[in-house]
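Working notes for the structure below.
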Amino acid sequence: MARARKRLAGAAGPDKKGPEGKRTKTKNECEASAKVENSGLQETSEASEDCGKNLNRYWLMKSEPESRLEKGVDVKFSIEDLKAQPKQTTCWDGVRNYQARNFLRAMKLEEDAFFYHSNCRKPGIAGLMKIVKEAYPDHTQFEKNSPHYDPSSKEDNPKWSMVDVQFVRMMKRFIPLAELKTHHQAHRATGGPLKNMVLFTRQRLSVQPLTREEFDFILSLEEKEPS
DNA sequence: GCCAACGTTGGC
DNA sequence: GCCAACGTTGGC
């Protein structure tokens, strides 16, 4: 059950109603399957380009590898902590942002996700994990002692979700945020694969999608010398 | 520790 | 429904 507390996502705090509702965007042509009902994030491509087989999506999930107390509870959870879990699996609890939650709900079994270290001395991508259980209610929203307790959420209509993730491997080398940013900035000029990477276009979003091109490009960086 | 970015709250 | 105040995220 992992005591682990992942980083909550985005602004926090209890809420009332949430910017839900007007989630309409959808890519209709692909129908039912992979629709991420969230704002106008990944505007173009992605979801729509592969109605055929790869409805697969790729993800980046942030967690804090260094100790920090939140309501008296240490929220530290690094990739080493994930490796140390039974079956190297944990539930990704504590996400309290609607956009991030909607991405959690869009995740499918076996999809890949980068494990990102945030709010630390060396921010960046540390490793790879995969989704091993699709979205279900985050129990910590009902736990009064949890830093992520949400008194406005009711058991018969849970507001927040989580998925289970399993460690896959470490990156062959750690990919620092600064390096990703350098590529992002270059790609904005050249039209390269990281030009729209959500890590830079939507700050503070702790669960985010990547395109296949972004995912593959980042994997290719493993083979290169640090820039 | 600073502070920019940005989501949320609540008065009006 | 606008928008200023406020709180959080997270790099530096």
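The chains in the structure tokens are called A, B, ... from first to last as shown; in each chain the residues are counted from 1, and the ligands are counted from 1 in the order shown.
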Test item: residues at most 12 Å from DC3 in chain B, only C-alpha atoms (C1' of nucleotides), excluding those fewer than 6 positions along its chain, as an MDAnalysis selection string: chainID C and resid 9:12
Who sits within 7 Å of range 58-71 of chain A, only C-alpha atoms (C1' of nucleotides), same chain under 4 positions skipped, as JSON, numbers by chain: {"A": [6, 7, 75, 76, 77, 78, 111, 112, 113, 114, 115, 116, 117, 118, 119, 120, 147, 206, 207, 208, 209, 210, 211, 212, 215]}
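Nearest-residue note for chain C: choosing from A:Asn97, A:Asn196, A:Gln166, A:Ser161, the minimum distance belongs to A:Asn97, counting only C-alpha atoms (C1' of nucleotides).
Every residue of range 95-142 of chain A with a DSSP assignment of helix (DSSP H, G or I), taken from the backbone, is listed as Tyr98, Gln99, Ala100, Arg101, Asn102, Phe103, Leu104, Arg105, Ala106, His139, Thr140, Gln141 and Phe142 of chain A.
Taking only C-alpha atoms (C1' of nucleotides) into account, chain C lies nearest to A:Ala178 out of the set A:Ala178, A:Cys91, A:Leu194, A:Ile79.
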Contact residues around Thr140 in chain A with only C-alpha atoms (C1' of nucleotides) at 8 Å, ignoring same-chain residues under 6 positions, as a PyMOL selection string: chain A and resi 93-94+146+148-149
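For the pair CA of Ile175 in chain A and CA of Ile125 in chain A, the separation is 5.1 Å.
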In range 94-204 of chain A, DSSP strand (DSSP E or B) residues written as number ranges by chain: A: 112-117, 124-137, 154, 157, 161-176
Output N, CA and C atoms for every residue in the selection just made, as a short mmCIF file (atom, residue, chain, number, x, y, z; two decimals), in the first residue's frame.
data_model
loop_
_atom_site.label_atom_id
_atom_site.label_comp_id
_atom_site.auth_asym_id
_atom_site.auth_seq_id
_atom_site.Cartn_x
_atom_site.Cartn_y
_atom_site.Cartn_z
N ASP A 112 3.71 3.57 -20.74
CA ASP A 112 4.97 3.98 -20.12
C ASP A 112 4.89 5.38 -19.55
N ALA A 113 5.61 5.58 -18.48
CA ALA A 113 5.67 6.91 -17.87
C ALA A 113 7.09 7.19 -17.39
N PHE A 114 7.53 8.41 -17.60
CA PHE A 114 8.80 8.83 -17.01
C PHE A 114 8.58 9.18 -15.55
N PHE A 115 9.53 8.82 -14.73
CA PHE A 115 9.54 9.21 -13.32
C PHE A 115 10.41 10.46 -13.22
N TYR A 116 9.79 11.57 -12.89
CA TYR A 116 10.48 12.86 -12.87
C TYR A 116 10.73 13.31 -11.44
N HIS A 117 11.94 13.70 -11.15
CA HIS A 117 12.27 14.23 -9.82
C HIS A 117 12.09 15.75 -9.81
N GLY A 124 14.87 16.41 -12.90
CA GLY A 124 15.00 15.77 -14.20
C GLY A 124 14.37 14.38 -14.20
N ILE A 125 14.56 13.70 -15.32
CA ILE A 125 13.97 12.38 -15.50
C ILE A 125 14.92 11.30 -15.01
N ALA A 126 14.43 10.51 -14.07
CA ALA A 126 15.28 9.53 -13.41
C ALA A 126 15.09 8.12 -13.96
N GLY A 127 13.90 7.81 -14.44
CA GLY A 127 13.67 6.45 -14.88
C GLY A 127 12.34 6.26 -15.56
N LEU A 128 12.05 4.99 -15.76
CA LEU A 128 10.84 4.61 -16.48
C LEU A 128 9.99 3.70 -15.61
N MET A 129 8.69 3.89 -15.71
CA MET A 129 7.77 2.99 -15.04
C MET A 129 6.60 2.74 -15.97
N LYS A 130 5.71 1.83 -15.57
CA LYS A 130 4.55 1.57 -16.41
C LYS A 130 3.30 1.48 -15.55
N ILE A 131 2.18 1.70 -16.19
CA ILE A 131 0.90 1.67 -15.49
C ILE A 131 0.49 0.21 -15.32
N VAL A 132 0.25 -0.20 -14.09
CA VAL A 132 -0.16 -1.59 -13.85
C VAL A 132 -1.56 -1.69 -13.27
N LYS A 133 -2.16 -0.57 -12.95
CA LYS A 133 -3.58 -0.58 -12.58
C LYS A 133 -4.18 0.76 -12.98
N GLU A 134 -5.28 0.68 -13.68
CA GLU A 134 -5.91 1.92 -14.16
C GLU A 134 -6.63 2.63 -13.03
N ALA A 135 -7.09 3.81 -13.30
CA ALA A 135 -7.57 4.72 -12.26
C ALA A 135 -8.66 4.13 -11.36
N TYR A 136 -8.51 4.40 -10.08
CA TYR A 136 -9.49 4.02 -9.06
C TYR A 136 -9.40 5.08 -7.97
N PRO A 137 -10.35 5.09 -7.05
CA PRO A 137 -10.37 6.19 -6.08
C PRO A 137 -9.12 6.25 -5.21
N LYS A 154 -16.79 12.91 -1.18
CA LYS A 154 -17.66 11.92 -0.53
C LYS A 154 -17.37 10.51 -1.02
N ASN A 157 -18.99 9.32 -4.05
CA ASN A 157 -18.66 10.04 -5.28
C ASN A 157 -17.27 10.65 -5.16
N SER A 161 -8.55 10.48 -8.06
CA SER A 161 -8.19 9.15 -8.52
C SER A 161 -6.69 8.91 -8.43
N MET A 162 -6.34 7.62 -8.47
CA MET A 162 -4.92 7.29 -8.58
C MET A 162 -4.77 6.06 -9.46
N VAL A 163 -3.56 5.80 -9.88
CA VAL A 163 -3.25 4.58 -10.63
C VAL A 163 -2.13 3.87 -9.86
N ASP A 164 -1.87 2.62 -10.23
CA ASP A 164 -0.69 1.95 -9.71
C ASP A 164 0.38 1.95 -10.79
N VAL A 165 1.60 2.16 -10.37
CA VAL A 165 2.72 2.17 -11.31
C VAL A 165 3.78 1.20 -10.82
N GLN A 166 4.51 0.63 -11.78
CA GLN A 166 5.59 -0.29 -11.45
C GLN A 166 6.88 0.19 -12.09
N PHE A 167 7.94 0.06 -11.32
CA PHE A 167 9.28 0.40 -11.82
C PHE A 167 9.61 -0.45 -13.05
N VAL A 168 10.17 0.19 -14.05
CA VAL A 168 10.65 -0.56 -15.21
C VAL A 168 12.17 -0.56 -15.24
N ARG A 169 12.75 0.60 -15.27
CA ARG A 169 14.22 0.70 -15.25
C ARG A 169 14.64 2.12 -14.96
N MET A 170 15.89 2.28 -14.57
CA MET A 170 16.47 3.61 -14.45
C MET A 170 16.80 4.09 -15.86
N MET A 171 16.86 5.38 -16.03
CA MET A 171 17.39 5.88 -17.28
C MET A 171 18.86 5.47 -17.34
N LYS A 172 19.37 5.25 -18.54
CA LYS A 172 20.77 4.87 -18.65
C LYS A 172 21.66 5.98 -18.10
N ARG A 173 21.17 7.19 -18.25
CA ARG A 173 21.77 8.29 -17.50
C ARG A 173 20.64 9.24 -17.13
N PHE A 174 20.81 9.91 -16.01
CA PHE A 174 19.82 10.87 -15.57
C PHE A 174 19.70 12.00 -16.61
N ILE A 175 18.46 12.37 -16.96
CA ILE A 175 18.29 13.44 -17.94
C ILE A 175 17.83 14.70 -17.22
N PRO A 176 18.74 15.64 -17.04
CA PRO A 176 18.43 16.83 -16.24
C PRO A 176 17.42 17.74 -16.92
#
Exercise answer, chain B residues close to chain A, 12 Å and only C-alpha atoms (C1' of nucleotides), as an NGL selection string: :B and (4-10)
d(CA of Asp138 in chain A, CA of Trp160 in chain A) in Å: 5.6 Å
Neighbour list for Leu180 in chain A as number ranges by chain, cut-off 12 Å, only C-alpha atoms (C1' of nucleotides), skip fewer than 3 positions in-chain: A: 116, 123-125, 174-177, 183-187, 193-200, 214-215, 217-222, 226-227
